[in-house]
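As provided, start.cif (mmCIF, C-alpha atoms) reads as follows.
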data_model
#
loop_
_atom_site.label_atom_id
_atom_site.label_comp_id
_atom_site.auth_asym_id
_atom_site.auth_seq_id
_atom_site.Cartn_x
_atom_site.Cartn_y
_atom_site.Cartn_z
CA MET A 1 20.71 -35.16 -39.28
CA SER A 2 19.73 -32.50 -36.81
CA ILE A 3 19.21 -28.81 -36.26
CA LYS A 4 22.00 -27.37 -34.15
CA SER A 5 20.69 -23.81 -33.71
CA PHE A 6 17.70 -21.68 -34.67
CA GLU A 7 17.56 -17.89 -34.66
CA LEU A 8 15.07 -15.28 -35.84
CA THR A 9 16.59 -12.29 -37.63
CA ALA A 10 13.58 -10.26 -38.77
CA ILE A 11 9.87 -9.95 -38.05
CA ASP A 12 7.59 -7.85 -40.24
CA ALA A 13 3.86 -7.72 -39.62
CA GLU A 14 1.10 -5.49 -40.91
CA ARG A 15 -2.65 -5.23 -40.55
CA TYR A 16 -4.51 -3.62 -43.45
CA SER A 17 -8.03 -3.46 -42.03
CA LYS A 18 -9.15 -0.74 -39.62
CA LYS A 19 -10.49 -1.21 -36.12
CA GLY A 20 -14.08 -2.35 -36.21
CA GLU A 21 -13.92 -3.71 -39.75
CA SER A 22 -14.76 -7.36 -39.86
CA ARG A 23 -14.35 -9.76 -42.71
CA LYS A 24 -15.99 -13.10 -43.14
CA ASN A 25 -14.24 -16.16 -44.50
CA VAL A 26 -10.70 -14.90 -44.03
CA LYS A 27 -8.29 -17.24 -45.74
CA ILE A 28 -4.91 -17.68 -44.05
CA ASN A 29 -2.06 -19.03 -46.18
CA HIS A 30 1.18 -20.29 -44.63
CA ASN A 31 4.44 -20.62 -46.49
CA SER A 32 7.91 -21.71 -45.43
CA SER A 33 10.76 -21.16 -47.86
CA VAL A 34 14.51 -21.51 -47.85
CA THR A 35 16.25 -18.43 -49.23
CA LYS A 36 19.92 -19.40 -48.94
CA ILE A 37 22.13 -22.33 -47.91
CA GLU A 38 25.83 -21.83 -47.15
CA LYS A 39 28.38 -24.49 -46.27
CA ILE A 40 30.06 -24.07 -42.87
CA ASP A 41 32.10 -27.30 -42.94
CA ASP A 42 31.81 -30.81 -44.43
CA GLU A 43 28.76 -31.77 -42.35
CA THR A 44 27.29 -28.38 -41.35
CA ASN A 45 25.28 -25.85 -43.35
CA SER A 46 23.73 -22.49 -42.52
CA VAL A 47 20.17 -22.19 -43.85
CA ASP A 48 18.34 -18.86 -44.21
CA PHE A 49 14.56 -19.14 -44.25
CA ARG A 50 11.36 -17.09 -44.52
CA PHE A 51 7.98 -17.94 -43.00
CA THR A 52 4.87 -16.03 -44.02
CA ALA A 53 1.26 -16.06 -42.87
CA SER A 54 -0.90 -14.09 -45.32
CA TYR A 55 -4.43 -13.01 -44.43
CA THR A 56 -6.59 -12.32 -47.49
CA GLY A 57 -7.16 -8.57 -47.51
CA MET A 58 -6.42 -8.22 -43.78
CA GLY A 59 -2.66 -8.32 -43.33
CA ASN A 60 0.45 -10.46 -43.24
CA ILE A 61 3.19 -11.71 -40.94
CA LYS A 62 6.70 -12.40 -42.23
CA ILE A 63 9.42 -13.99 -40.12
CA GLU A 64 12.99 -14.52 -41.32
CA GLY A 65 15.84 -16.32 -39.66
CA THR A 66 18.76 -18.71 -39.83
CA LEU A 67 19.27 -22.25 -38.64
CA VAL A 68 22.30 -24.52 -38.62
CA HIS A 69 21.75 -27.98 -40.07
CA VAL A 70 24.18 -30.80 -39.22
CA GLY A 71 24.38 -34.02 -41.21
CA GLY A 72 22.90 -35.04 -44.49
CA SER A 73 24.63 -34.32 -47.76
CA SER A 74 28.06 -32.70 -47.81
CA ASP A 75 27.19 -31.00 -51.13
CA LEU A 76 23.89 -29.51 -49.90
CA ALA A 77 24.97 -25.87 -50.39
CA ARG A 78 26.41 -26.53 -53.85
CA ARG A 79 23.28 -28.39 -54.95
CA TRP A 80 21.08 -25.56 -53.59
CA ARG A 81 23.03 -22.89 -55.50
CA LYS A 82 22.99 -24.92 -58.71
CA GLU A 83 19.46 -26.43 -58.74
CA ASN A 84 17.54 -24.74 -55.87
CA LYS A 85 16.81 -28.25 -54.57
CA MET A 86 17.67 -30.31 -51.51
CA PRO A 87 17.02 -33.94 -50.52
CA ASN A 88 13.45 -34.56 -49.34
CA GLU A 89 14.55 -35.74 -45.88
CA VAL A 90 16.58 -32.55 -45.32
CA ALA A 91 13.79 -30.33 -46.69
CA GLN A 92 11.23 -31.99 -44.42
CA GLU A 93 13.42 -31.53 -41.35
CA ILE A 94 14.19 -27.88 -42.15
CA HIS A 95 10.61 -26.87 -43.00
CA SER A 96 9.20 -28.74 -39.98
CA THR A 97 11.62 -26.90 -37.69
CA VAL A 98 10.73 -23.54 -39.24
CA ILE A 99 7.00 -24.15 -38.87
CA LYS A 100 7.26 -25.52 -35.31
CA ASN A 101 9.18 -22.42 -34.23
CA CYS A 102 7.40 -19.73 -36.28
CA ILE A 103 3.74 -20.67 -35.78
CA PRO A 104 3.80 -19.94 -32.01
CA GLN A 105 5.58 -16.65 -32.65
CA SER A 106 3.07 -15.67 -35.33
CA VAL A 107 0.16 -16.47 -32.99
CA ILE A 108 1.51 -13.91 -30.51
CA ILE A 109 2.05 -11.33 -33.26
CA ALA A 110 -1.46 -11.94 -34.63
CA ARG A 111 -2.92 -11.36 -31.16
CA ASP A 112 -1.07 -8.05 -30.85
CA LEU A 113 -2.32 -6.91 -34.29
CA ARG A 114 -5.84 -8.21 -33.61
CA LEU A 115 -5.66 -10.67 -36.50
CA PRO A 116 -7.09 -14.20 -36.29
CA PRO A 117 -4.55 -16.76 -35.08
CA PRO A 118 -2.79 -18.42 -38.02
CA ILE A 119 -3.86 -21.88 -36.88
CA PRO A 120 -7.18 -23.64 -37.19
CA LEU A 121 -9.17 -23.31 -33.99
CA PRO A 122 -10.89 -26.44 -32.72
CA LYS A 123 -14.65 -26.61 -33.17
CA VAL A 124 -16.67 -27.20 -30.02
CA ASN A 125 -19.83 -29.25 -30.41
CA MET A 126 -22.04 -29.46 -27.38
CA PRO A 127 -24.14 -32.60 -27.03
CA GLY A 128 -27.81 -31.82 -27.11
CA LYS A 129 -30.82 -31.62 -29.33
CA GLY A 130 -29.74 -33.04 -32.68
CA ASN A 131 -26.06 -32.39 -32.02
CA GLU A 132 -23.68 -35.27 -31.76
CA THR A 133 -20.04 -34.88 -30.93
CA LYS A 134 -17.92 -36.00 -33.85
CA PRO A 135 -14.16 -35.96 -34.10
CA SER A 136 -12.84 -33.02 -36.08
CA LYS A 137 -11.41 -33.92 -39.47
CA GLY A 138 -9.79 -30.52 -39.96
CA GLY A 139 -6.12 -29.83 -39.75
CA MET A 140 -3.43 -27.42 -40.73
CA GLU A 141 -2.27 -27.49 -44.33
CA VAL A 142 1.39 -26.76 -44.88
CA ALA A 143 2.68 -25.51 -48.21
#
Please express what this file holds, its structure, as structure tokens.
Amino acid sequence: MSIKSFELTAIDAERYSKKGESRKNVKINHNSSVTKIEKIDDETNSVDFRFTASYTGMGNIKIEGTLVHVGGSSDLARRWRKENKMPNEVAQEIHSTVIKNCIPQSVIIARDLRLPPPIPLPKVNMPGKGNETKPSKGGMEVA
């Protein structure tokens, strides 16, 4: 199984807060969803997707696109239309590809809109009085 091509078709981004307004504890939610799967041939399917990064009360970024998936189940498109489901291995590959390609794009868009980057920033701990450097246990959560 592999991804043959990846293409963005739409980008929509909006900031709700005004310049100078600051919010504390902004929650950023990420979501990757498949909107449509169409069969191209016995082993190839076209997959439409949507990636969103929502900032609580501050704005949102929505990216849509299409990728071509080769391999896996020959009845992937039929199963998607009937049950809105796909095999876990295929779903993991598709969503991983969407996230790996859309997160960097959304970081650039967030910078242009003066929104926080939609990724967790590393915490810097300086050694000194009472401070010990500890490995970060944080990480990105993917829905």
Could you tell me which residues the PyMOL selection byres ((chain A and resi 1-5) around 10) returns for this structure, as a tab-separated table (two decimals) with C-alpha atoms, in the frame of the given file?
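Done, and the output landed in result07.tsv:
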chain	number	residue	atom	x	y	z
A	6	PHE	CA	17.70	-21.68	-34.67
A	7	GLU	CA	17.56	-17.89	-34.66
A	43	GLU	CA	28.76	-31.77	-42.35
A	44	THR	CA	27.29	-28.38	-41.35
A	45	ASN	CA	25.28	-25.85	-43.35
A	46	SER	CA	23.73	-22.49	-42.52
A	66	THR	CA	18.76	-18.71	-39.83
A	67	LEU	CA	19.27	-22.25	-38.64
A	68	VAL	CA	22.30	-24.52	-38.62
A	69	HIS	CA	21.75	-27.98	-40.07
A	70	VAL	CA	24.18	-30.80	-39.22
A	71	GLY	CA	24.38	-34.02	-41.21
A	72	GLY	CA	22.90	-35.04	-44.49
A	73	SER	CA	24.63	-34.32	-47.76
A	89	GLU	CA	14.55	-35.74	-45.88
A	90	VAL	CA	16.58	-32.55	-45.32
A	93	GLU	CA	13.42	-31.53	-41.35
A	94	ILE	CA	14.19	-27.88	-42.15
A	97	THR	CA	11.62	-26.90	-37.69
If you take every atom of range 42-51 of chain A that the file lists and fit an axis-aligned box around them with 8 Å extra on each side, what centre and edge lengths come out in Å to one decimal, as lines of an AutoDock Vina configuration file?
center_x = 19.9
center_y = -24.4
center_z = -42.9
size_x = 39.8
size_y = 30.7
size_z = 19.2
Residue members of the PyMOL selection byres ((chain A and resi 65) around 7) in the file shown, as a compact mmCIF listing (two decimals) with C-alpha atoms, in the frame of the given file:
# COMPACT_ATOMS: atom_id res chain seq x y z
CA GLU A 7 17.56 -17.89 -34.66
CA LEU A 8 15.07 -15.28 -35.84
CA THR A 9 16.59 -12.29 -37.63
CA ALA A 10 13.58 -10.26 -38.77
CA ASP A 48 18.34 -18.86 -44.21
CA PHE A 49 14.56 -19.14 -44.25
CA ARG A 50 11.36 -17.09 -44.52
CA ILE A 63 9.42 -13.99 -40.12
CA GLU A 64 12.99 -14.52 -41.32
CA THR A 66 18.76 -18.71 -39.83
CA LEU A 67 19.27 -22.25 -38.64
Self-check item: Within 10 Å of file point (4.6, -21.9, -36.2), counting only C-alpha atoms, expressed as a ChimeraX atom specification
Solution: /A:30,32,51-53,96-107,118-119
Export of prior selection with C-alpha atoms as an mmCIF file, in the frame of the given file:
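New file selection36.cif:
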data_model
loop_
_atom_site.group_PDB
_atom_site.id
_atom_site.type_symbol
_atom_site.label_atom_id
_atom_site.label_comp_id
_atom_site.auth_asym_id
_atom_site.auth_seq_id
_atom_site.Cartn_x
_atom_site.Cartn_y
_atom_site.Cartn_z
ATOM 1 C CA HIS A 30 1.180 -20.290 -44.630
ATOM 2 C CA SER A 32 7.910 -21.710 -45.430
ATOM 3 C CA PHE A 51 7.980 -17.940 -43.000
ATOM 4 C CA THR A 52 4.870 -16.030 -44.020
ATOM 5 C CA ALA A 53 1.260 -16.060 -42.870
ATOM 6 C CA SER A 96 9.200 -28.740 -39.980
ATOM 7 C CA THR A 97 11.620 -26.900 -37.690
ATOM 8 C CA VAL A 98 10.730 -23.540 -39.240
ATOM 9 C CA ILE A 99 7.000 -24.150 -38.870
ATOM 10 C CA LYS A 100 7.260 -25.520 -35.310
ATOM 11 C CA ASN A 101 9.180 -22.420 -34.230
ATOM 12 C CA CYS A 102 7.400 -19.730 -36.280
ATOM 13 C CA ILE A 103 3.740 -20.670 -35.780
ATOM 14 C CA PRO A 104 3.800 -19.940 -32.010
ATOM 15 C CA GLN A 105 5.580 -16.650 -32.650
ATOM 16 C CA SER A 106 3.070 -15.670 -35.330
ATOM 17 C CA VAL A 107 0.160 -16.470 -32.990
ATOM 18 C CA PRO A 118 -2.790 -18.420 -38.020
ATOM 19 C CA ILE A 119 -3.860 -21.880 -36.880
#
Quiz prompt | Length of the CA of Ser22 in chain A to CA of Leu113 in chain A vector [Å] | solution =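 Pair CA of Ser22 in chain A / CA of Leu113 in chain A returns 13.6 Å.
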Practice problem: Please measure the separation of CA of Pro117 in chain A and CA of Gly57 in chain A, giving the value in Å to one decimal. | Solution: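 Computing the Euclidean distance for CA of Pro117 in chain A and CA of Gly57 in chain A yields 15.1 Å.
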Self-check item: Straight-line distance linking CA of Ile61 in chain A with CA of Gln92 in chain A, stated in Å to one decimal
Solution: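 Computing it gives 22.1 Å between the two atoms.
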Quiz prompt | Matched chain/residue IDs from the PyMOL selection byres ((chain A and resi 19) around 12), as a PyMOL selection string | solution = chain A and resi 15-18+20-23+58+113-115
Self-check item: Contacts of Asp75 in chain A at 12 Å (only C-alpha atoms; same-chain gap of 6+ positions) as a list of chain:residue names
Solution: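 Here the answer would be A:Ile37, A:Glu38, A:Lys39, A:Ile40, A:Asp41, A:Asp42, A:Glu43, A:Thr44, A:Asn45, A:Arg81, A:Lys82, A:Glu83, A:Lys85, A:Met86, A:Pro87.
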